[in-house]
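Undergrad: Next comes entry30.tsv, TSV, C-alpha atoms:
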chain	number	residue	atom	x	y	z
A	1	MET	CA	7.42	14.17	-22.25
A	2	LYS	CA	5.86	10.72	-22.52
A	3	THR	CA	3.08	9.31	-20.34
A	4	ILE	CA	1.67	5.82	-20.17
A	5	PHE	CA	-1.52	4.84	-18.35
A	6	ILE	CA	-1.16	1.22	-17.19
A	7	ILE	CA	-4.64	-0.16	-16.48
A	8	ASN	CA	-5.30	-3.26	-14.42
A	9	PRO	CA	-8.61	-4.53	-15.88
A	10	CYS	CA	-9.21	-6.74	-12.81
A	11	ALA	CA	-9.04	-3.87	-10.28
A	12	GLY	CA	-12.35	-3.00	-8.65
A	13	GLN	CA	-13.79	-6.22	-10.10
A	14	GLY	CA	-13.36	-4.74	-13.58
A	15	ARG	CA	-16.12	-2.17	-13.31
A	16	GLY	CA	-16.04	0.91	-15.58
A	17	ILE	CA	-12.94	-0.02	-17.60
A	18	ASP	CA	-14.38	1.09	-20.96
A	19	GLN	CA	-15.52	4.40	-19.49
A	20	LEU	CA	-12.08	4.92	-17.91
A	21	LYS	CA	-10.36	4.38	-21.26
A	22	GLN	CA	-12.64	6.89	-22.95
A	23	GLN	CA	-11.98	9.47	-20.22
A	24	ILE	CA	-8.24	9.01	-20.59
A	25	LYS	CA	-8.39	9.35	-24.39
A	26	LYS	CA	-10.45	12.54	-24.06
A	27	ALA	CA	-7.99	14.01	-21.54
A	28	ILE	CA	-5.06	13.22	-23.86
A	29	GLU	CA	-6.79	15.04	-26.71
A	30	GLU	CA	-7.68	18.07	-24.58
A	31	THR	CA	-4.17	18.48	-23.16
A	32	GLY	CA	-2.36	17.65	-26.39
A	33	GLN	CA	0.16	15.51	-24.51
A	34	THR	CA	1.96	12.43	-25.80
A	35	ALA	CA	0.38	9.54	-23.93
A	36	SER	CA	-0.69	5.95	-24.43
A	37	ILE	CA	-2.76	3.28	-22.68
A	38	TYR	CA	-1.68	-0.25	-21.78
A	39	MET	CA	-3.98	-2.96	-20.37
A	40	THR	CA	-2.19	-5.52	-18.20
A	41	LYS	CA	-2.67	-9.15	-19.13
A	42	GLU	CA	-1.67	-11.01	-15.96
A	43	PRO	CA	-0.21	-10.41	-12.47
A	44	GLY	CA	3.31	-8.94	-12.75
A	45	ASP	CA	2.74	-7.64	-16.27
A	46	GLY	CA	2.49	-4.03	-15.08
A	47	GLU	CA	5.85	-4.31	-13.35
A	48	GLU	CA	7.57	-5.52	-16.52
A	49	VAL	CA	5.99	-2.81	-18.69
A	50	ALA	CA	6.96	-0.12	-16.16
A	51	LYS	CA	10.52	-1.42	-16.12
A	52	ILE	CA	10.78	-1.39	-19.93
A	53	PHE	CA	9.18	2.07	-20.20
A	54	THR	CA	11.66	3.41	-17.63
A	55	TYR	CA	14.60	1.87	-19.50
A	56	LEU	CA	13.49	3.42	-22.78
A	57	THR	CA	12.81	6.84	-21.26
A	58	CYS	CA	15.72	6.97	-18.81
A	59	GLY	CA	18.03	9.91	-19.40
A	60	SER	CA	16.36	11.08	-22.59
A	61	GLU	CA	13.19	12.88	-21.56
A	62	GLU	CA	10.57	13.24	-18.85
A	63	GLY	CA	8.38	10.20	-18.36
A	64	ARG	CA	5.31	9.44	-16.28
A	65	ILE	CA	3.65	6.14	-15.52
A	66	ILE	CA	0.12	6.36	-14.13
A	67	ALA	CA	-1.06	3.19	-12.41
A	68	CYS	CA	-4.79	2.67	-12.90
A	69	GLY	CA	-5.82	0.11	-10.32
A	70	GLY	CA	-5.52	-0.56	-6.62
A	71	ASP	CA	-2.54	-0.33	-4.29
A	72	GLY	CA	-1.31	-3.66	-5.65
A	73	THR	CA	-1.10	-2.17	-9.14
A	74	LEU	CA	0.81	0.82	-7.76
A	75	ASN	CA	3.17	-1.62	-6.05
A	76	GLU	CA	3.91	-3.33	-9.37
A	77	ILE	CA	4.65	-0.02	-11.08
A	78	LEU	CA	6.85	1.14	-8.20
A	79	ASN	CA	8.94	-2.03	-8.31
A	80	GLY	CA	9.20	-1.87	-12.09
A	81	VAL	CA	10.49	1.71	-12.01
A	82	LEU	CA	12.92	1.18	-9.12
A	83	SER	CA	14.38	-1.97	-10.69
A	84	ALA	CA	15.37	0.02	-13.79
A	85	PRO	CA	18.42	2.34	-13.86
A	86	PRO	CA	18.02	5.30	-11.47
A	87	SER	CA	16.41	8.19	-13.27
A	88	ASP	CA	15.37	11.69	-12.25
A	89	HIS	CA	13.11	11.77	-15.29
A	90	MET	CA	10.44	9.25	-14.24
A	91	ALA	CA	7.37	9.97	-12.09
A	92	ILE	CA	4.65	7.60	-10.87
A	93	GLY	CA	1.00	8.58	-10.66
A	94	LEU	CA	-2.07	6.72	-9.43
A	95	MET	CA	-5.69	6.55	-10.51
A	96	PRO	CA	-7.17	4.46	-7.66
A	97	THR	CA	-9.72	2.18	-9.31
A	98	GLY	CA	-9.26	-0.75	-6.92
A	99	THR	CA	-11.26	-1.63	-3.82
A	100	GLY	CA	-9.10	-0.43	-0.93
A	101	ASN	CA	-7.25	2.51	-2.55
A	102	ASP	CA	-5.45	3.43	0.67
A	103	PHE	CA	-2.31	5.11	-0.69
A	104	ALA	CA	-4.26	7.98	-2.29
A	105	ARG	CA	-5.91	8.71	1.08
A	106	ASN	CA	-2.58	10.12	2.28
A	107	PHE	CA	-3.09	13.19	0.07
A	108	PRO	CA	-6.39	14.86	1.02
A	109	ASP	CA	-5.29	18.22	-0.40
A	110	ALA	CA	-4.49	16.90	-3.88
A	111	GLY	CA	-6.82	17.13	-6.85
A	112	ASP	CA	-9.16	14.41	-8.07
A	113	PHE	CA	-7.13	11.20	-8.44
A	114	LEU	CA	-9.78	9.78	-10.78
A	115	ASP	CA	-9.60	12.71	-13.22
A	116	PRO	CA	-7.12	11.79	-16.00
A	117	LYS	CA	-6.82	15.44	-17.04
A	118	ALA	CA	-5.82	16.40	-13.49
A	119	GLN	CA	-3.24	13.61	-13.66
A	120	LEU	CA	-1.78	14.82	-16.96
A	121	LEU	CA	-1.49	18.34	-15.52
A	122	GLY	CA	-0.27	17.12	-12.14
A	123	GLU	CA	2.62	18.21	-9.95
A	124	ILE	CA	5.54	16.07	-8.80
A	125	ILE	CA	6.78	15.59	-5.21
A	126	ASP	CA	9.45	13.37	-3.69
A	127	CYS	CA	8.00	10.35	-1.92
A	128	ASP	CA	9.46	7.75	0.44
A	129	ALA	CA	9.23	4.00	-0.06
A	130	ILE	CA	10.08	1.06	2.18
A	131	ARG	CA	12.67	-1.33	0.79
A	132	TYR	CA	12.38	-4.88	2.12
A	133	TRP	CA	14.42	-8.00	1.55
A	134	GLY	CA	14.69	-11.60	2.68
A	135	ASP	CA	12.89	-14.90	2.15
A	136	ILE	CA	9.83	-13.66	0.28
A	137	ASP	CA	7.45	-15.92	-1.60
A	138	GLY	CA	9.91	-18.80	-1.50
A	139	LYS	CA	13.01	-16.99	-2.73
A	140	GLN	CA	15.55	-14.41	-1.64
A	141	GLN	CA	14.63	-11.06	-3.14
A	142	THR	CA	14.52	-7.32	-2.58
A	143	ARG	CA	11.39	-5.30	-3.26
A	144	TYR	CA	9.66	-2.02	-2.40
A	145	CYS	CA	6.43	-1.05	-0.65
A	146	ALA	CA	4.55	2.20	-1.28
A	147	ASN	CA	2.02	2.17	1.54
A	148	MET	CA	1.93	-0.50	4.23
A	149	PHE	CA	2.80	-4.00	5.47
A	150	ASN	CA	0.37	-6.01	7.59
A	151	ILE	CA	1.11	-9.21	9.51
A	152	GLY	CA	-1.23	-11.21	11.71
A	153	PHE	CA	-4.84	-10.15	12.23
A	154	ASP	CA	-4.69	-7.35	9.63
A	155	CYS	CA	-3.24	-9.67	7.01
A	156	ASN	CA	-5.85	-12.32	7.78
A	157	VAL	CA	-8.56	-9.67	7.36
A	158	VAL	CA	-7.21	-8.67	3.93
A	159	ASP	CA	-7.15	-12.34	2.94
A	160	MET	CA	-10.74	-12.82	4.12
A	161	ALA	CA	-11.90	-9.56	2.48
A	162	ALA	CA	-10.52	-10.72	-0.87
A	163	ARG	CA	-12.65	-13.85	-0.60
A	164	LEU	CA	-15.75	-11.94	0.48
A	165	LYS	CA	-15.50	-9.60	-2.52
A	166	ASN	CA	-16.46	-12.53	-4.71
A	167	TYR	CA	-19.94	-12.39	-3.23
A	168	PRO	CA	-22.63	-10.05	-4.65
A	169	LEU	CA	-23.03	-6.65	-2.94
A	170	VAL	CA	-19.84	-7.11	-0.91
A	171	ALA	CA	-17.05	-4.70	-1.85
A	172	GLY	CA	-14.68	-1.99	-0.62
A	173	SER	CA	-14.83	-0.92	3.02
A	174	PHE	CA	-17.88	-3.09	3.70
A	175	ALA	CA	-15.93	-6.19	2.67
A	176	TYR	CA	-13.13	-5.16	5.04
A	177	LEU	CA	-15.47	-4.56	7.99
A	178	LEU	CA	-17.23	-7.85	7.37
A	179	ALA	CA	-13.84	-9.57	7.21
A	180	VAL	CA	-12.91	-7.96	10.55
A	181	ALA	CA	-16.02	-9.48	12.10
A	182	VAL	CA	-15.31	-12.95	10.70
A	183	THR	CA	-11.61	-12.86	11.61
A	184	PHE	CA	-12.46	-11.45	15.04
A	185	ILE	CA	-14.32	-14.66	15.89
A	186	LYS	CA	-11.20	-16.72	15.11
A	187	LYS	CA	-8.84	-14.13	16.66
A	188	LYS	CA	-5.85	-15.46	14.77
A	189	GLY	CA	-2.67	-13.40	15.16
A	190	ALA	CA	1.01	-14.30	14.71
A	191	ARG	CA	4.09	-15.26	16.71
A	192	LEU	CA	6.86	-12.79	15.84
A	193	LYS	CA	10.16	-11.34	16.94
A	194	VAL	CA	9.96	-7.64	16.09
A	195	GLU	CA	13.13	-5.52	16.05
A	196	LEU	CA	12.99	-1.76	15.38
A	197	ASP	CA	16.24	0.14	14.77
A	198	GLY	CA	18.09	-2.84	16.29
A	199	GLU	CA	16.01	-3.03	19.48
A	200	VAL	CA	13.82	-6.04	20.26
A	201	ILE	CA	10.35	-4.65	20.87
A	202	GLU	CA	8.29	-7.85	20.93
A	203	ASP	CA	9.12	-11.54	21.03
A	204	GLY	CA	6.08	-13.78	21.14
A	205	SER	CA	2.39	-13.79	20.29
A	206	VAL	CA	0.84	-10.60	18.93
A	207	LEU	CA	-2.53	-9.87	17.39
A	208	LEU	CA	-1.02	-7.82	14.56
A	209	THR	CA	2.01	-5.86	13.41
A	210	ALA	CA	1.74	-3.11	10.80
A	211	LEU	CA	4.61	-1.12	9.28
A	212	GLY	CA	3.47	1.92	7.35
A	213	ASN	CA	4.93	4.46	4.99
A	214	GLY	CA	1.38	5.80	4.65
A	215	GLY	CA	-1.29	6.00	7.31
A	216	PHE	CA	-4.20	3.94	5.94
A	217	CYS	CA	-5.03	0.30	5.34
A	218	GLY	CA	-8.07	-1.89	4.76
A	219	GLY	CA	-10.05	0.58	2.68
A	220	GLY	CA	-9.77	3.60	4.96
A	221	VAL	CA	-8.72	2.34	8.41
A	222	HIS	CA	-6.55	5.20	9.73
A	223	SER	CA	-4.17	2.97	11.66
A	224	SER	CA	-1.18	5.37	11.65
A	225	PRO	CA	-2.64	8.90	11.92
A	226	TYR	CA	0.76	10.62	12.24
A	227	ALA	CA	2.37	8.92	9.26
A	228	SER	CA	3.97	10.94	6.48
A	229	VAL	CA	5.31	9.65	3.17
A	230	GLN	CA	8.05	12.29	3.23
A	231	ASP	CA	9.53	12.07	6.76
A	232	GLY	CA	12.06	9.27	6.21
A	233	LYS	CA	10.39	7.07	8.85
A	234	MET	CA	7.99	4.16	8.99
A	235	ASP	CA	5.19	4.08	11.54
A	236	VAL	CA	4.84	0.77	13.35
A	237	ASN	CA	1.82	-0.53	15.27
A	238	ILE	CA	2.01	-3.67	17.38
A	239	ILE	CA	-1.24	-4.76	18.97
A	240	TYR	CA	-0.59	-7.22	21.77
A	241	ASN	CA	-2.40	-10.54	22.08
A	242	VAL	CA	-5.32	-8.90	23.88
A	243	GLY	CA	-8.73	-10.36	24.57
A	244	ARG	CA	-11.64	-10.03	22.19
A	245	LEU	CA	-13.51	-7.55	24.38
A	246	ASP	CA	-10.51	-5.21	24.62
A	247	PHE	CA	-10.03	-5.35	20.87
A	248	LEU	CA	-13.73	-4.84	20.17
A	249	LYS	CA	-13.83	-1.71	22.34
A	250	LYS	CA	-10.75	-0.15	20.77
A	251	PHE	CA	-11.21	-1.05	17.11
A	252	PRO	CA	-13.61	1.83	16.24
A	253	TYR	CA	-10.98	4.29	17.50
A	254	TYR	CA	-8.27	2.44	15.57
A	255	ALA	CA	-10.36	2.67	12.40
A	256	LYS	CA	-10.86	6.43	12.83
A	257	GLY	CA	-7.24	7.12	13.75
A	258	THR	CA	-8.08	8.43	17.24
A	259	HIS	CA	-6.77	5.44	19.21
A	260	ASN	CA	-3.60	7.22	20.34
A	261	GLU	CA	-5.76	9.66	22.30
A	262	LEU	CA	-7.15	6.92	24.56
A	263	PRO	CA	-5.68	7.05	28.09
A	264	ASP	CA	-5.07	3.29	28.33
A	265	ILE	CA	-3.99	2.59	24.76
A	266	ASP	CA	-0.42	1.64	25.82
A	267	ARG	CA	-1.90	-1.41	27.51
A	268	ILE	CA	-2.87	-2.99	24.21
A	269	LEU	CA	-0.84	-1.21	21.53
A	270	CYS	CA	2.77	-0.19	20.96
A	271	ALA	CA	3.15	2.65	18.44
A	272	ARG	CA	6.69	3.53	17.32
A	273	THR	CA	8.53	5.16	14.45
A	274	CYS	CA	11.78	3.81	13.06
A	275	GLN	CA	14.03	3.77	10.01
A	276	THR	CA	14.82	0.05	9.97
A	277	ALA	CA	13.05	-3.08	11.15
A	278	ARG	CA	13.46	-6.83	11.14
A	279	ILE	CA	10.61	-9.28	11.64
A	280	THR	CA	11.25	-12.96	12.28
A	281	PRO	CA	8.36	-15.44	12.30
A	282	LEU	CA	8.79	-17.70	15.33
A	283	ASP	CA	6.92	-20.49	13.55
A	284	GLY	CA	9.23	-20.36	10.52
A	285	VAL	CA	6.89	-18.58	8.12
A	286	MET	CA	4.44	-15.68	8.22
A	287	ARG	CA	1.75	-14.29	5.96
A	288	LEU	CA	3.00	-10.88	4.78
A	289	CYS	CA	0.56	-8.42	3.22
A	290	THR	CA	2.32	-5.73	1.17
A	291	ASP	CA	0.14	-2.99	-0.34
A	292	GLY	CA	-2.80	-5.38	-0.19
A	293	GLU	CA	-1.04	-8.39	-1.77
A	294	ILE	CA	-0.28	-11.45	0.39
A	295	VAL	CA	2.69	-13.83	0.24
A	296	ASP	CA	4.41	-16.26	2.62
A	297	ALA	CA	7.72	-15.02	4.05
A	298	GLY	CA	10.50	-15.92	6.43
A	299	THR	CA	12.68	-13.33	8.18
A	300	VAL	CA	12.35	-9.96	6.44
A	301	ASP	CA	14.33	-6.73	6.85
A	302	PHE	CA	12.79	-3.32	6.19
A	303	ALA	CA	14.38	0.10	5.61
A	304	VAL	CA	12.91	3.46	4.65
A	305	GLU	CA	14.38	5.10	1.57
A	306	GLN	CA	13.59	8.80	1.77
A	307	GLY	CA	12.65	10.34	-1.56
A	308	ALA	CA	12.89	6.93	-3.25
A	309	PHE	CA	10.66	7.96	-6.15
A	310	ARG	CA	8.92	10.92	-7.75
A	311	LEU	CA	5.18	10.91	-7.15
A	312	LEU	CA	2.76	12.61	-9.53
A	313	LEU	CA	-0.15	14.23	-7.68
A	314	PRO	CA	-3.23	15.36	-9.63
A	315	ARG	CA	-3.72	19.10	-10.01
A	316	LYS	CA	-6.81	20.71	-8.56
A	317	ILE	CA	-9.10	21.69	-11.42
Could you render the structure as structure tokens?

TA:
Amino acid sequence: MKTIFIINPCAGQGRGIDQLKQQIKKAIEETGQTASIYMTKEPGDGEEVAKIFTYLTCGSEEGRIIACGGDGTLNEILNGVLSAPPSDHMAIGLMPTGTGNDFARNFPDAGDFLDPKAQLLGEIIDCDAIRYWGDIDGKQQTRYCANMFNIGFDCNVVDMAARLKNYPLVAGSFAYLLAVAVTFIKKKGARLKVELDGEVIEDGSVLLTALGNGGFCGGGVHSSPYASVQDGKMDVNIIYNVGRLDFLKKFPYYAKGTHNELPDIDRILCARTCQTARITPLDGVMRLCTDGEIVDAGTVDFAVEQGAFRLLLPRKI
């Protein structure tokens, strides 16, 4: 069995990289496993390395790729693995060293994601992914999402949070909450046609649309509390173009994942599950946030692929 730790040195603003490498080396020695470390050099590098590693390992022996970074790093590894020949021998793990780290929040009963020894001794489960295709980042392509898509207000918040993280003492969930406050003043949403399983659900201005495989976004906002990464469905939230006061009152519940318990929530939010979706920007282009990374997109189709990849979960030690 071969394992490779792919480290994004820019994740989490690059803090603790040397310590992380030493911890990984120590865990490799203690477990006696065959493993190596690779430091990515630029955006997209992790995807290419994951693809090559999968090609070389495919069909010959068990392989594991452990993404050390944020959800964006995991997204690169996922797309690298799934673009290589299908293999039952490859598993993807995650050491969440980024700022949001939302995908790992879907597994509260797992071991310590930041313990490399727990990763090397981990257990494998089947995990869904969302395949999406269309006019993405200026070209026709097909890709995969591990956790969540955000369009409109949510996407604008992620964009603002990324800028705020460049300031001292602003990071993680605090950066997201501060970005919510700033974006709230502008109250910029999106104009979309949203179709779920072939049915038009919304056609016009919305505050936000989120399609989730997992249940968390924005560094811990529990936007889809009933989501499961193994149920073959995506959880969709559409928040209507409501007033600032309505949004301000409901957001704390949305952040905690208790919004569906509010008696009047249907007035401002549509929550659905589906297997397929199509989103068309009525202004020709939309900002699409996928696992924390933002691109411009035209019409995009989405479909859940149940058990799309093997996920390595850390063992409890």

Undergrad: Would you kindly return, as a list in words, each protein, DNA or RNA residue with an atom no farther than 9 Å from any atom of Gln275 in chain A, considering only C-alpha atoms and excluding same-chain residues fewer than 6 positions away?

TA: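 Skipping anything fewer than 6 positions along the chain leaves Leu196, Asp197, Gly232, Lys233, Met234, Asp235, Phe302, Ala303, Val304 and Glu305 of chain A.
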
Undergrad: Those residues with C-alpha atoms, as a PDB file, in the frame of the given file please?

TA:
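Output contents, as saved in again-v9.pdb:
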ATOM      1  CA  LEU A 196      12.990  -1.760  15.380  1.00  0.00           C
ATOM      2  CA  ASP A 197      16.240   0.140  14.770  1.00  0.00           C
ATOM      3  CA  GLY A 232      12.060   9.270   6.210  1.00  0.00           C
ATOM      4  CA  LYS A 233      10.390   7.070   8.850  1.00  0.00           C
ATOM      5  CA  MET A 234       7.990   4.160   8.990  1.00  0.00           C
ATOM      6  CA  ASP A 235       5.190   4.080  11.540  1.00  0.00           C
ATOM      7  CA  PHE A 302      12.790  -3.320   6.190  1.00  0.00           C
ATOM      8  CA  ALA A 303      14.380   0.100   5.610  1.00  0.00           C
ATOM      9  CA  VAL A 304      12.910   3.460   4.650  1.00  0.00           C
ATOM     10  CA  GLU A 305      14.380   5.100   1.570  1.00  0.00           C
TER      11      GLU A 305
END

Undergrad: Wanna dump the range 120-236 of chain A-range 82-102 of chain A contacts at 6 Å for me, each residue with its shortest atom pair and the distance in Å to one decimal, counting all atoms listed in the file, ordered by chain and number, as a Markdown table?

TA:
| residue | atom | partner | partner_atom | distance |
| --- | --- | --- | --- | --- |
| A:Gly172 | CA | A:Thr99 | CA | 4.7 |
| A:Phe216 | CA | A:Asp102 | CA | 5.4 |
| A:Cys217 | CA | A:Asp102 | CA | 5.6 |
| A:Gly218 | CA | A:Gly100 | CA | 6.0 |
| A:Gly219 | CA | A:Gly100 | CA | 3.9 |

Undergrad: Enter the distance from CA of Gln23 in chain A to CA of Asp115 in chain A, in Å, rounded to one decimal.

TA: 8.1 Å

Undergrad: Let me make sure I understand: among A:Val200, A:Leu121, A:Cys145, A:Ile4, which one has the smallest atom-to-atom distance to Ser36 in chain A if we use only C-alpha atoms?

TA: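 Closest to Ser36 in chain A, using only C-alpha atoms: A:Ile4.
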
Undergrad: Between A:Arg272, A:Asn106, A:Leu288, A:Tyr144, which has the minimum distance to Val221 in chain A (counting all atoms listed in the file)?

TA: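 Checking each of A:Arg272, A:Asn106, A:Leu288, A:Tyr144 against Val221 in chain A, counting all atoms listed in the file, the winner is A:Asn106.
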
Undergrad: Measuring between all atoms listed in the file, which one of A:Val194, A:Met39, A:Cys127, A:Leu114 shows the shortest distance to Leu312 in chain A?

TA: A:Cys127

Undergrad: If we count all atoms listed in the file and set the cut-off at 10 Å, which residues sit around Lys256 in chain A, ignoring sequence neighbours fewer than 5 positions away in its own chain? Please answer as number ranges by chain.

TA: A: 216, 220-225, 251

Undergrad: Here is a test: counting all atoms listed in the file, which residue of A:Gly215, A:Gly198, A:Gly80, A:Gly70 is nearest to Arg105 in chain A?

TA: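 Closest residue, counting all atoms listed in the file: A:Gly215.
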
Undergrad: Rounded to one decimal, what separation in Å do you get between CA of Ala227 in chain A and CA of Gln141 in chain A?

TA: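 CA of Gln141 in chain A lies at a distance of 26.5 Å from CA of Ala227 in chain A.
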
Undergrad: Which residues come within 10 Å of Glu47 in chain A, counting all atoms listed in the file, excluding same-chain residues fewer than 3 positions away, as number ranges by chain?

TA: A: 6, 40, 43-44, 50-53, 73-83

Undergrad: Near Thr34 in chain A, within 8 Å and counting all atoms listed in the file, which residues show up once chain neighbours fewer than 5 positions away are dropped, as a list of chain:residue names?

TA: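 In the requested form, the answer reads A:Met1, A:Lys2, A:Thr3, A:Ile28.
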
Undergrad: Rounded to one decimal, what separation in Å do you get between CA of Ala190 in chain A and CA of Ile151 in chain A?

TA: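 According to the coordinates, CA of Ala190 in chain A and CA of Ile151 in chain A are separated by 7.3 Å.
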
Undergrad: Return the single residue from A:Phe174, A:Phe309, A:Phe153, A:Tyr254 that is closest to Gly189 in chain A, with distances computed using only C-alpha atoms.

TA: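 Among the listed residues, A:Phe153 lies closest to Gly189 in chain A.
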
Undergrad: Which neighbours of Gly307 in chain A fall inside 7 Å, counting only C-alpha atoms, when residues of the same chain fewer than 3 positions from it are skipped, and could you give them as a ChimeraX atom specification?

TA: /A:126-128,230

Undergrad: I'd like to know which of A:Gly214, A:Gly72, A:Gly111, A:Pro314 is closest to Val236 in chain A, using all atoms listed in the file.

TA: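 Of all the options, A:Gly214 lies closest to Val236 in chain A.
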
Undergrad: Set up a box along x, y and z of the file covering all listed atoms of range 236-241 of chain A, add 6 Å on every one of the six sides, and write the centre and edge lengths in Å to one decimal, as JSON.

TA:
{"center_x": 1.2, "center_y": -4.9, "center_z": 17.7, "size_x": 19.2, "size_y": 23.3, "size_z": 20.7}
